[in-house]
Amino acid sequence: MKRIIGVALIAGAALSCGGGSAETLNCAWLASDNCWKMTAADAVDCLPAENETGTLSADNKTCTYASGVTVTFASPLVLPPPQGQQSPKFNFTVKNGGADCLHYEDSGTGFTLVVKGKTVRESGSGYGLTISCPDGTSVSTANAFAVLSCDADGGGAIFGGLPGNTWSSGGNNLSFGLLGTGASGLSQSVFNCAQP
């Protein structure tokens, strides 16, 4: 079965992490323990194990894990994802034991990540990029392409360590992860769901 892999970053979004004035989104910010990394890290203890696979419901709207984790999609997953088109727009919520763990939603010009009540937003316009942090601060750059060569994790970070997502599908399954988290490997795994 052909494996489809996608990576989504929003170039041109403004990143912001400060209250009054926005700081600059640069390599130093990406390498730091920034709000994107810290918020994503807060979800690790309630996400399914990376080697665990959840089972999709018949309508592809819910993915259930034996460990008690559930992933609910706002719209049913389309499997396999259409080829030759832009990345699917993801909108889902992960719960563990009935408690909210993580919500991720693509907006078209960026995305929102909510973990245990803490929200990080990435938005873009043109080449600009802004990241808004849970504490009300933000970081921005007028040219997101300028930070693509950053090595934010010291191990050849993908896209310089900018926040984003990665997904792959083998036809009857889909896995999703968060880029730029500082986690080992290419991304922090969020879910891996398959049709029965």
# chains A, B, ... in the order shown; residues from 1 in each chain; ligands from 1
$ select_by_dssp --residues "range 30-85 of chain A" --states "alpha helix (DSSP H)" --output "mmCIF file with C-alpha atoms, in the first residue's frame"
data_model
loop_
_atom_site.group_PDB
_atom_site.id
_atom_site.type_symbol
_atom_site.label_atom_id
_atom_site.label_comp_id
_atom_site.auth_asym_id
_atom_site.auth_seq_id
_atom_site.Cartn_x
_atom_site.Cartn_y
_atom_site.Cartn_z
ATOM 1 C CA LEU A 30 13.026 28.204 18.488
ATOM 2 C CA ALA A 31 15.936 26.600 20.415
ATOM 3 C CA CYS A 35 5.679 28.037 24.797
ATOM 4 C CA TRP A 36 5.067 25.669 21.853
ATOM 5 C CA LYS A 37 7.451 23.056 23.249
ATOM 6 C CA MET A 38 6.221 23.468 26.816
ATOM 7 C CA THR A 39 2.537 23.259 25.861
ATOM 8 C CA ALA A 40 3.099 20.174 23.691
ATOM 9 C CA ALA A 41 5.134 18.558 26.498
#
$ residues_around --residues "Leu174 in chain A" --least-positions-apart "3" --cutoff "7 Å" --atoms "only C-alpha atoms" --output "JSON, numbers by chain"
{"A": [167, 168, 169, 170, 192, 193, 194]}
$ write_last_selection --atoms "N, CA and C atoms" --output "CSV table (one decimal), in the first residue's frame"
chain,number,residue,atom,x,y,z
A,167,TRP,N,1.9,14.2,9.3
A,167,TRP,CA,1.0,13.1,9.3
A,167,TRP,C,1.4,12.1,8.2
A,168,SER,N,1.0,10.9,8.3
A,168,SER,CA,1.2,9.9,7.3
A,168,SER,C,0.1,8.9,7.3
A,169,SER,N,-0.1,8.3,6.1
A,169,SER,CA,-1.2,7.4,6.0
A,169,SER,C,-0.8,6.2,5.1
A,170,GLY,N,-1.1,5.0,5.5
A,170,GLY,CA,-0.9,3.8,4.7
A,170,GLY,C,-2.1,3.4,3.9
A,192,ASN,N,-2.2,7.5,16.4
A,192,ASN,CA,-2.1,6.6,15.2
A,192,ASN,C,-3.3,5.7,15.2
A,193,CYS,N,-4.2,6.0,14.2
A,193,CYS,CA,-5.5,5.3,14.2
A,193,CYS,C,-5.7,4.5,12.9
A,194,ALA,N,-6.3,3.4,13.0
A,194,ALA,CA,-6.5,2.5,11.9
A,194,ALA,C,-7.9,2.0,11.8
$ select_by_dssp --residues "range 71-139 of chain A" --states "strand (DSSP E)" --output "ChimeraX atom specification"
/A:71-73,91-96,99-106,110-115,118-125,128-132,138-139
$ closest_residue --among "A:Thr24, A:Phe73, A:Phe145, A:Ser32" --to "Gly182 in chain A" --atoms "only C-alpha atoms"
A:Ser32
$ atom_distance --atom1 "CA of Thr64 in chain A" --atom2 "CA of Gly171 in chain A"
18.4 Å
$ atom_distance --atom1 "CA of Ser125 in chain A" --atom2 "CA of Thr109 in chain A"
7.2 Å
